[in-house]
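Structure first, commentary second.
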Amino acid sequence: MSCQNVWKVYGNNPDHFFRNDSHGGSDPSALSKHISNNGHIVANADVSFDVHTGEIFVIMGLSGSGKSTIVRCLSRLIKPSSGQIFLDDENLLEKSEKELIHLRRHKMGMVFQNFGLLPHLNVIENIAFPLKLQGLKEKERINKAERVIELVGLTGRENNFIKELSGGQQQRVGIARSLAVEPDVWFLDEPFSALDPLIRKQMQDEFLRIQSIQKKSVVFITHDFQEALRIADRIALMRDGQIVQLGEPVDLILSPKDDYVREFTKDVPWERVLQASDIIDKNKKVSETAEQVLFDMPVSKMLHLLSKKSIGVAVVDSLGKKVGMATAQSFVAALATAEN
Amino acid sequence: MKNENLMRSAILEKKTLNWIAIILITTIFLIFKEEWSWSTKYPKELIVPISDWINFLMEKFVNKFGWFFLNISWVLSWPINAAQWLLHSLPWVVIIFLVTFTAYLSAGLKLALFTLCSAFYMVLIGYWEESMNTLSLVIISVPMAVSIGFGLGVWGHFSKRAEKIIMPILDIFQTVPTFAYLLPILLLFGFGTVVGLIASVLYSFPPMVRNTILGLKRVPANIIESAIMSGADPKQLFWQAMLPSCKKQILLGINQSTMAALSMVIIAAIIGGTADIGWEVLYYIRKAEVGQSLVVGMVIALMAIIIDRITTGFALKSDQDKKLPAFQKITKISYLSFAFIGSVSLFIFATFFEILDAWPYDLSVWVASHINHLFDAFVETFRAEIKQIKNYSLFFIMLPTKIGLQQAVSPFTWGFQLETMHKILYFGSFLVLSLWLLKKKKNEVFVFTLLFMIFIYTGLTQMPWPPLLIIYSFFAWQIGGYKLALGTFIGLGFIIVVGMWPEAMLSVYLCGIAVVFCFIMGTSLGIWAAHNSIVSAIVRPINDTLQTIPLFVILIPFVMLFKIGDFTALLAIIIYAIVPSVRYAEHGIRNLSSEVIEASKMMGSTRMQLLFLVKIPLAMPVIMLGLNQTIMYGIAMLVIAALIGTNGLEQIVFIGLTDGNMGKGLIAGISLAIIAMIADRMTAAWSVKLQERYTSNPAD
C-alpha cells in the first residue's frame with residue numbers, strides 16, 4: 001500500500017486549489033499556507049509514504065496533526081482532495097463506490113479508537129457482521145468468527161452483549177471483527193488510546209502476538225510516542241498535516257530532524273529503545289575473546305555486561321558474523337548524541 | 001462636564017433609552033385613546049377579508065376536486081370498517097387477553113394486572129363498544145402516521161434541503177390548534193370517521209419525523225465508519241447498522257405518535273358521527289352530567305395510560321440486555337403460539353357463555369348517579385368557599401389583567417370607587433419604585449416595572465394595538481435579533497390586519513396569567529422536588545398521568561366545581577401547563593455539575609446561597625426551556641378550553657368548526673399558531689442566549 005502527494009483540504013471549494021495541477025513542482029508548505037489564507041483548512045499536505053508487506057507502519061502525531069485524516073484517506077472513508085493512493089498497484093481514487101465496497105469486504109480491516117461496535121449485536125454477531133454483509137451463510141460466518149475469537153482470546157464470551165465487556169475486551173472484539181475477513185491491509189486508528197495504561201500495555205503485547213501470526217501490512221495510528229516505539233517497524237511523525245520525519249524508531253531518536261521531533265524523543269528511555277547495533281564504537285577493533293551479543297539485543301539487557309567488561313562486548317549479526325564492539329563509553333556516546 | 005456625560009450614558013444605556021421612548025409613545029397613545037379610536041379598535045374598513053377569500057377559494061376547489069377527496073375518503077373507510085368489524089366481532093375476553101398479554105411482554109406483571117383491571121372496567125360500565133371504536137381508529141392511523149413520519153425523517157436526515165422543507169412544516173402542524181386542522185379536512189372529506197383518521201395521522205406524524213431524525217443523527221460516527229469498513233453497502237449500512245443503533249429513539253417516536261393519534265381521535269369526536277368514547281364524554285360534558293362524564297372520561301384516561309405504558313415498555317426494553325439469539329427465536333415462537341392458543345380457546349369458550357362475548361346491559365354497573373350525589377353534596381357543603389375562590393381570582397387577578405384596574409375596581413368588586421387620590425397613590429408609588437431601581441442600575445427591572453404599571457392600569461385588552469406591536473417587536477429584537485423582531489412584527493401585523501386582534505389579546509390574557517402562575521409555582525415545585533426525593537416520587541407519577549391523559553378529560557373535574565367560564569378554563573390550563581415547568585426545573589437542578597456545587601460548598605455557601613447564587617442561575621437555561629414548553633402546553637389546552645366557553649381566538653376556531661365557516665376558523669387558528677410560534681422562538685432564543693453566556697469564554 002502506498003500514498004503519493006495526498007492532500008485533504010476542508011472548506012467551501014477545496015478542489016479549485018488543485019485544478020490546474022500547478023502545485024506539482026511548488027513547495028507544499030507554500031501551497032499549504034496559500035490554502036489556509038483563503039479560508040480553507042488543510043488536514044493533510046502532500047503526504048507520501050509506502051507501507052511494505054508485513055510491516056507495522058506507525059503514523060504518530062498529536063491531535064490535529066492530520067493522522068486520523070490520512071488513515072481515512074487510505075481506507076477511502078473520505079476522498080482526498082488531491083494525490084494518489086495505491087493498493088496492489090491499483091489506484092483507489094479511480095475506484096467506484098461499488099469497487100470500494102468490494103475492497104473493504106475482502107482486503108481491508110479497520111480498528112477504531114472507540115471500538116465502533118454495534119450495541120444490538122452480541123460478541124460473535126459483531127465479529128461476524130462483515131461476513132454477514134458479504135452474504136455468507138450463517139454456519140460459515142460462525143465458523144470463521146470462531147477462529148478469530150480464539151485468536152484474540154475471547155473464547156467463551158461469544159454470546160455476551162457488548163456493554164457487558166470491559167474496554168479491553170471490547171477492543172478485542174473490534175480487532176477480531178477487523179480480522180474476520182482476512183484482510184491484506186490492517187488499519188488501526190488509535191486502537192488503545194481509550195484504554196487504561198495497564199490494559200494498553202497488555203493489548204500492545206496482544207497486538208504484537210497476533211501480528212506475528214498474521215503478518216498483515218499494518219497502518220497504526222497513535223499519539224503515544226512510547227507506543228509507537230514499542231510496536232513500529234517504521235514511524236511517520238506528522239505535524240500540521242505534513243510528515244515531519246519518516247524512519248525507523250532509532251532514526252528518529254538518534255538523528256531527529258528538528259526540534260519538534262527532538263521534543264518527543266526527549267523523555268524516551270534510551271536503554272530500552274537502543275539495540276546493541278546502535279551503540280557500536282566504530283573506532284574500536286573487534287576483539288575475538290570478548291563476550292558476544294546479538295545485534296538486536298536491547299541495551300537495557302546488556303547493561304550489566306557493559307559495566308563488568310571494560311573491554312566491551314562483540315556484536316554479531318544474524319549470521320553470527322561479528323560487526324563491531326560495544327562498550328560502556330560507546331553507549332554513553334550514543335546517549336549523548338541522542339540527548340542533543 | 002465630560003464626566004457627567006459619561007456617567008449618564010453609563011446609567012442610561014442605549015437599550016434603556018429606547019425603552020423609555022417606547023414607554024413615552026405608549027403613554028401618548030393612552031392619553032389620546034378616545035381621540036384616536038382607530039388605535040383601540042382597528043377600523044372595520046381596513047380589515048383584509050382573507051377569510052372570505054379562503055371560503056370562496058375553498059368552495060371552488062371543493063366543487064372542482066371534491067370527488068377526488070371523497071374517493072380517498074371512501075378508500076380509507078375500508079380499513080377502518082374492517083378494524084371496527086374485527087374488534088366488534090371478537091369477544092371481549094379475547095381482546096382483553098391479547099392486550100393483557102402484550103402488556104405483560106412489554107413491562108411485566110404489574111402493567112398486565114393494571115391493563116386487565118382497566119379493560120374490565122370498560123366492560124363493566126358498558127362502554128366496551130365505544131372504546132373499541134376509538135381503538136380501531138388508533139390502530140389504523142398509527143401505522144400510517146409512523147410510516148409517513150419514518151419516511152420523512154429518513155429523507156430529512158439524508159438530505160439537508162429536505163430537512164429545511166420538512167422542519168417548518170412540522171412546526172406548523174404542531175402549533176396550529178388541533179381544531180383548526182379539522183376544518184379543511186371536514187370540507188374536503190365530508191363527515192364521518194375518515195376525518196378523524198386523517199386528522200389524527202396529520203397530527204401524529206410530526207413526532208415520528210423528529211424522533212427519526214434525532215435518532216439517526218445520534219448514531220455515533222464510529223459505528224457508521226466501522227460498518228463502512230466492514231464492507232457495508234449503503235442499504236446494509238442503513239438497515240443493519242444505523243437503524244438498530246437508534247432503535248430506542250424510533251420506538252419512542254412510535255410511542256409519541258400513538259399518544260398524539262389517540263388524543264386527536266378523541267378531539268375529532270367533536271365533529272360527531274363516530275360513536276366513539278370521545279363523543280360520549282363530550283356529550284355528557286355539554287349536558288353537564290358530571291358523574292357520567294367522569295366515568296366515561298376515566299375510560300379515555302385508562303386507555304391512554306395503557307397504550308403509553310405498553311409502547312414505552314417496548315422502547316425501554318430494546319435497550320436492555322438480550323439473551324441468545326437462538327433462545328430469542330424460540331421464545332418468540334412460544335409467545336406467539338401461547339397468544340394464538342389462548343385466543344382460540346377463549347373464543348370457543350365465549351361461544352358457549354354469552355356473557356364473555358357481549359356483556360349484558362343489565363349487568364352494567366351504574367356508578368354515575370352515586371358520583372353525582374356525592375358531588376352535589378360536596379358542592380353544597382362548600383358552596384361559599386368555592387364561590388369565594390372564584391370571585392377573588394376574578395376580581396384581583398383576572399379582571400385587572402383583562403380590563404385593567406381602571407375598570408376592574410368598583411364598589412362591587414374591590415369595595416370602593418377608583419378616585420383621583422387612588423390613582424396618584426398607584427402611579428406615585430410605582431414611579432418612586434422604578435426610580436429607585438434605576439438608581440440601583442437595575443435597568444431591566446426598571447423598564448419592566450414601568451410596563452407593568454401601565455399594563456395593569458389599562459388592561460391587556462384595552463391597550464391600543466400600535467404601542468403593543470412596538471413593545472412586542474422591540475422585545476423580540478432584544479432577545480433574538482432583527483430576524484425575530486421582523487417575524488414578530490409581520491406575524492402580529494397579520495393578526496391586526498385580519499381583524500383578530502381583540503380576540504388574540506383575550507387568548508394572550510388567559511394564557512398569560514396561566515403561564516406566569518405555572519412558571520412561578522411549577523419551577524418552585526420542581527426545585528423542591530430536586531432536593532427532596534419524597535416530593536419527587538409524589539410529583540412524578542402525577543405529572544406522567546397529566547401528560548398522558550387526553551386534554552379534555554382534564555376539563556371535567558374543573559367544570560364540575562366551577563361551572564363553565566374563564567376561571568374554569570384558567571384552572572384547566574394551569575393544571576396541564578404546570579407539568580413542564582416542574583419537570584424542567586427538577587431536571588435542570590438535578591443535572592448540574594457536581595464539581596461546581598462542591599466548589600461552592602467548600603467556599604462556605606449556605607444552602608440558600610447555594611440555591612439562589614449557584615444552582616438556579618446555572619440551571620436557568622433549562623428552566624427557560626421549561627417556560628417554553630409551559631407556553632406551548634398552555635396554548636394547546638387553551639384551544640380545548642374553547643369547549644367550556646372562553647372568548648379568545650380558540651372560540652372563533654371552535655365556532656368556525658361547528659358552523660362550517662372555514663375561512664374565519666382557519667384564520668383564527670393561524671393567528672393562534674402565530675402567537676405560539678412567536679412565544680416559542682422568543683423563549684428559545686432567550687434560553688440559547690443564557691446558555692451561550694455560560695459556555696462561551698468571556699476572555700475571547
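Letters A, B, ... go to the chains of the C-alpha cells in the order shown; residues in each chain start at 1; ligands are counted from 1 in the same order.
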How close does each residue of chain B get to chain A, giving the shortest atom pair and distance in Å to one decimal for every residue with an atom at most 6 Å away, counting only C-alpha atoms, sorted by chain and residue number, as a Markdown table?
| residue | atom | partner | partner_atom | distance |
| --- | --- | --- | --- | --- |
| B:Asn222 | CA | A:Gly116 | CA | 4.7 |
| B:Ile223 | CA | A:Gly116 | CA | 4.3 |
| B:Ser226 | CA | A:Gly116 | CA | 5.6 |
| B:Met229 | CA | A:Arg104 | CA | 5.7 |
| B:Ser230 | CA | A:Pro130 | CA | 4.7 |
| B:Gly231 | CA | A:Arg105 | CA | 4.4 |
| B:Ala232 | CA | A:Leu133 | CA | 5.9 |
**Asked** Can you tell me, as a list in words, what residues are no more than 12 Å from B:Val688 when counting only C-alpha atoms, ignoring any on the same chain fewer than 2 positions away?
**Response**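 Everything that qualifies: Ile479, Gly480, Met620, Pro621, Val622, Ile623, Met624, Leu625, Asn628, Arg681, Met682, Thr683, Ala684, Ala685, Trp686, Leu690, Gln691, Glu692, Arg693, Tyr694, Thr695 and Ser696 of chain B.
Closest approach to A:Arg172 among A:Phe192, A:Trp270, A:Tyr260, A:Tyr10 is made by A:Phe192 (distances from only C-alpha atoms).
Of the residues under consideration (A:Ile280, A:Leu305, A:Glu182, A:Lys266), A:Glu182 shows the shortest atom-to-atom contact distance to A:Arg147 when counting only C-alpha atoms.
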**Message:** Taking 4 positions as the minimum chain separation for residues in the same chain, which residues sit within 6 Å of stretch 199-209 of chain B when counting only C-alpha atoms? Answer as number ranges by chain.
**Reply:** B: 141, 145, 149-150, 153, 170, 195, 253, 257, 260-261, 264-265
**Request:** Rank B:Lys248, B:Tyr127, B:Asn443, B:Ile165 by their smallest atom-to-atom distance to B:Trp366, using only C-alpha atoms, and report the top residue only.
**Result:**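 Closest to B:Trp366 of all the choices is B:Tyr127.
For the set A:Phe331, A:Trp7, A:Phe49, A:Phe207, the residue with the smallest atom-to-atom gap to A:Asp278 is A:Phe331, counting only C-alpha atoms.
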**Message:** Between atom CA of B:Leu109 and atom CA of B:Ile306, what is the distance in Å, rounded to a tenth?
**Reply:**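 For atom CA of B:Leu109 relative to atom CA of B:Ile306, the distance reads 13.2 Å.
Considering the residues B:Gly499, B:Pro464, B:Leu551, B:Ile95 and counting only C-alpha atoms, B:Trp36 has its shortest atom-to-atom contact with B:Pro464.
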**Request:** Using only C-alpha atoms, determine which residues lie at most 12 Å from B:Thr449, disregarding the query and same-chain residues fewer than 6 positions distant; provide the list as a list in words.
**Result:**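 Residues near the query, excluding close chain neighbours: Trp19, Ile20, Ile23, Phe427, Ser429, Phe430, Leu431, Val432, Leu433, Ser434, Leu435, Trp436, Leu437, Leu438, Lys442, Asn443, Phe455 and Ile456 of chain B.
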**Two-atom distance - atom CA of A:Gln242, atom CA of A:Asp15 (Å)** =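 Separating atom CA of A:Gln242 from atom CA of A:Asp15 is a distance of 18.9 Å.
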**Asked** Which residues come within 8 Å of A:Lys257, counting only C-alpha atoms, excluding same-chain residues fewer than 5 positions away, as a ChimeraX atom specification?
**Response** /A:244-245,252,262
**Shell of 12 Å around A:Leu237, only C-alpha atoms, local chain residues under 5 positions omitted, as a PyMOL selection string** = chain A and resi 47+49+57-62+65-67+220-225+228-229+232+242-249+251-253+256-258+260-265
**Asked** Given the choices B:Thr351, B:Asn63, B:Asn55, B:Thr548, which gets closest to B:Asn661 if the distance is worked out from only C-alpha atoms?
**Response**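 Looking only at the distances to B:Asn661, the closest residue turns out to be B:Asn55.
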**Within 10 Å of A:Asp50 using only C-alpha atoms, minus same-chain residues under 5 positions, as a ChimeraX atom specification** = /A:1-4,57,85-86
**Request:** If you run DSSP over the backbone, which residues in stretch 138-311 of chain A end up strand (DSSP E)? Put them as a list in words.
**Result:** Val185, Trp186, Phe187, Leu188, Asp189, Ser217, Val218, Val219, Phe220, Ile221, Thr222, Arg234, Ile235, Ala236, Leu237, Met238, Arg239, Gln242, Ile243, Val244, Gln245, Leu246, Gly247, Ile280, Asp281, Gln292, Val293 and Leu294 of chain A
Save out the residues we just selected, N, CA and C atoms, as a tab-separated table (two decimals), in the first residue's frame.
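Output (out_5.tsv):
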chain	number	residue	atom	x	y	z
A	185	VAL	N	-4.60	-5.49	4.25
A	185	VAL	CA	-4.16	-4.29	4.95
A	185	VAL	C	-5.00	-4.11	6.19
A	186	TRP	N	-4.30	-3.75	7.26
A	186	TRP	CA	-4.99	-3.66	8.55
A	186	TRP	C	-4.77	-2.27	9.10
A	187	PHE	N	-5.86	-1.49	9.19
A	187	PHE	CA	-5.77	-0.14	9.75
A	187	PHE	C	-6.16	-0.18	11.21
A	188	LEU	N	-5.36	0.49	12.04
A	188	LEU	CA	-5.75	0.62	13.45
A	188	LEU	C	-5.66	2.09	13.82
A	189	ASP	N	-6.81	2.69	14.10
A	189	ASP	CA	-6.86	4.12	14.39
A	189	ASP	C	-6.90	4.33	15.90
A	217	SER	N	-0.07	-6.17	6.46
A	217	SER	CA	0.51	-4.84	6.33
A	217	SER	C	-0.31	-3.92	7.22
A	218	VAL	N	0.37	-3.33	8.20
A	218	VAL	CA	-0.38	-2.62	9.23
A	218	VAL	C	-0.13	-1.12	9.15
A	219	VAL	N	-1.21	-0.35	9.19
A	219	VAL	CA	-1.08	1.09	9.38
A	219	VAL	C	-1.68	1.38	10.74
A	220	PHE	N	-0.83	1.86	11.64
A	220	PHE	CA	-1.22	2.00	13.04
A	220	PHE	C	-1.11	3.47	13.43
A	221	ILE	N	-2.23	4.04	13.88
A	221	ILE	CA	-2.23	5.46	14.25
A	221	ILE	C	-2.12	5.58	15.77
A	222	THR	N	-1.29	6.48	16.24
A	222	THR	CA	-1.23	6.69	17.67
A	222	THR	C	-0.74	8.09	17.98
A	234	ARG	N	8.46	1.04	11.23
A	234	ARG	CA	8.83	2.40	10.83
A	234	ARG	C	7.80	3.37	11.36
A	235	ILE	N	8.23	4.62	11.59
A	235	ILE	CA	7.33	5.64	12.12
A	235	ILE	C	7.30	6.83	11.18
A	236	ALA	N	6.10	7.36	10.92
A	236	ALA	CA	6.00	8.64	10.25
A	236	ALA	C	5.46	9.62	11.27
A	237	LEU	N	6.24	10.67	11.57
A	237	LEU	CA	5.80	11.63	12.56
A	237	LEU	C	5.14	12.80	11.86
A	238	MET	N	3.90	13.10	12.21
A	238	MET	CA	3.16	14.14	11.50
A	238	MET	C	2.95	15.37	12.35
A	239	ARG	N	2.88	16.50	11.64
A	239	ARG	CA	2.58	17.76	12.31
A	239	ARG	C	1.95	18.68	11.28
A	242	GLN	N	1.50	17.51	7.74
A	242	GLN	CA	2.64	17.06	6.94
A	242	GLN	C	3.46	16.04	7.72
A	243	ILE	N	4.21	15.22	6.97
A	243	ILE	CA	5.12	14.29	7.64
A	243	ILE	C	6.40	15.04	7.95
A	244	VAL	N	6.75	15.08	9.24
A	244	VAL	CA	7.97	15.78	9.63
A	244	VAL	C	9.18	14.88	9.41
A	245	GLN	N	9.04	13.65	9.86
A	245	GLN	CA	10.15	12.71	9.69
A	245	GLN	C	9.61	11.30	9.55
A	246	LEU	N	10.24	10.53	8.69
A	246	LEU	CA	9.82	9.16	8.47
A	246	LEU	C	11.04	8.27	8.57
A	247	GLY	N	10.97	7.23	9.40
A	247	GLY	CA	12.12	6.36	9.51
A	247	GLY	C	11.92	5.32	10.58
A	280	ILE	N	27.53	0.65	18.60
A	280	ILE	CA	28.84	0.13	18.21
A	280	ILE	C	29.86	1.27	18.12
A	281	ASP	N	30.99	1.03	18.71
A	281	ASP	CA	32.09	2.00	18.63
A	281	ASP	C	32.89	1.70	17.36
A	292	GLN	N	29.85	-12.32	23.28
A	292	GLN	CA	29.10	-11.92	22.10
A	292	GLN	C	27.63	-11.67	22.45
A	293	VAL	N	27.09	-10.64	21.79
A	293	VAL	CA	25.63	-10.41	21.91
A	293	VAL	C	25.06	-10.25	20.51
A	294	LEU	N	23.75	-10.59	20.40
A	294	LEU	CA	23.10	-10.45	19.10
A	294	LEU	C	22.80	-8.97	18.83
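From atom CA of A:Ala336 back to atom CA of A:Gly312, the distance works out to 18.3 Å.
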**Asked** Which residues in stretch 217-329 of chain B does DSSP call helix (DSSP H, G or I)? List them as a ChimeraX atom specification.
**Response** /B:217,221-229,234-245,247-271,277-286,290-317,325-329
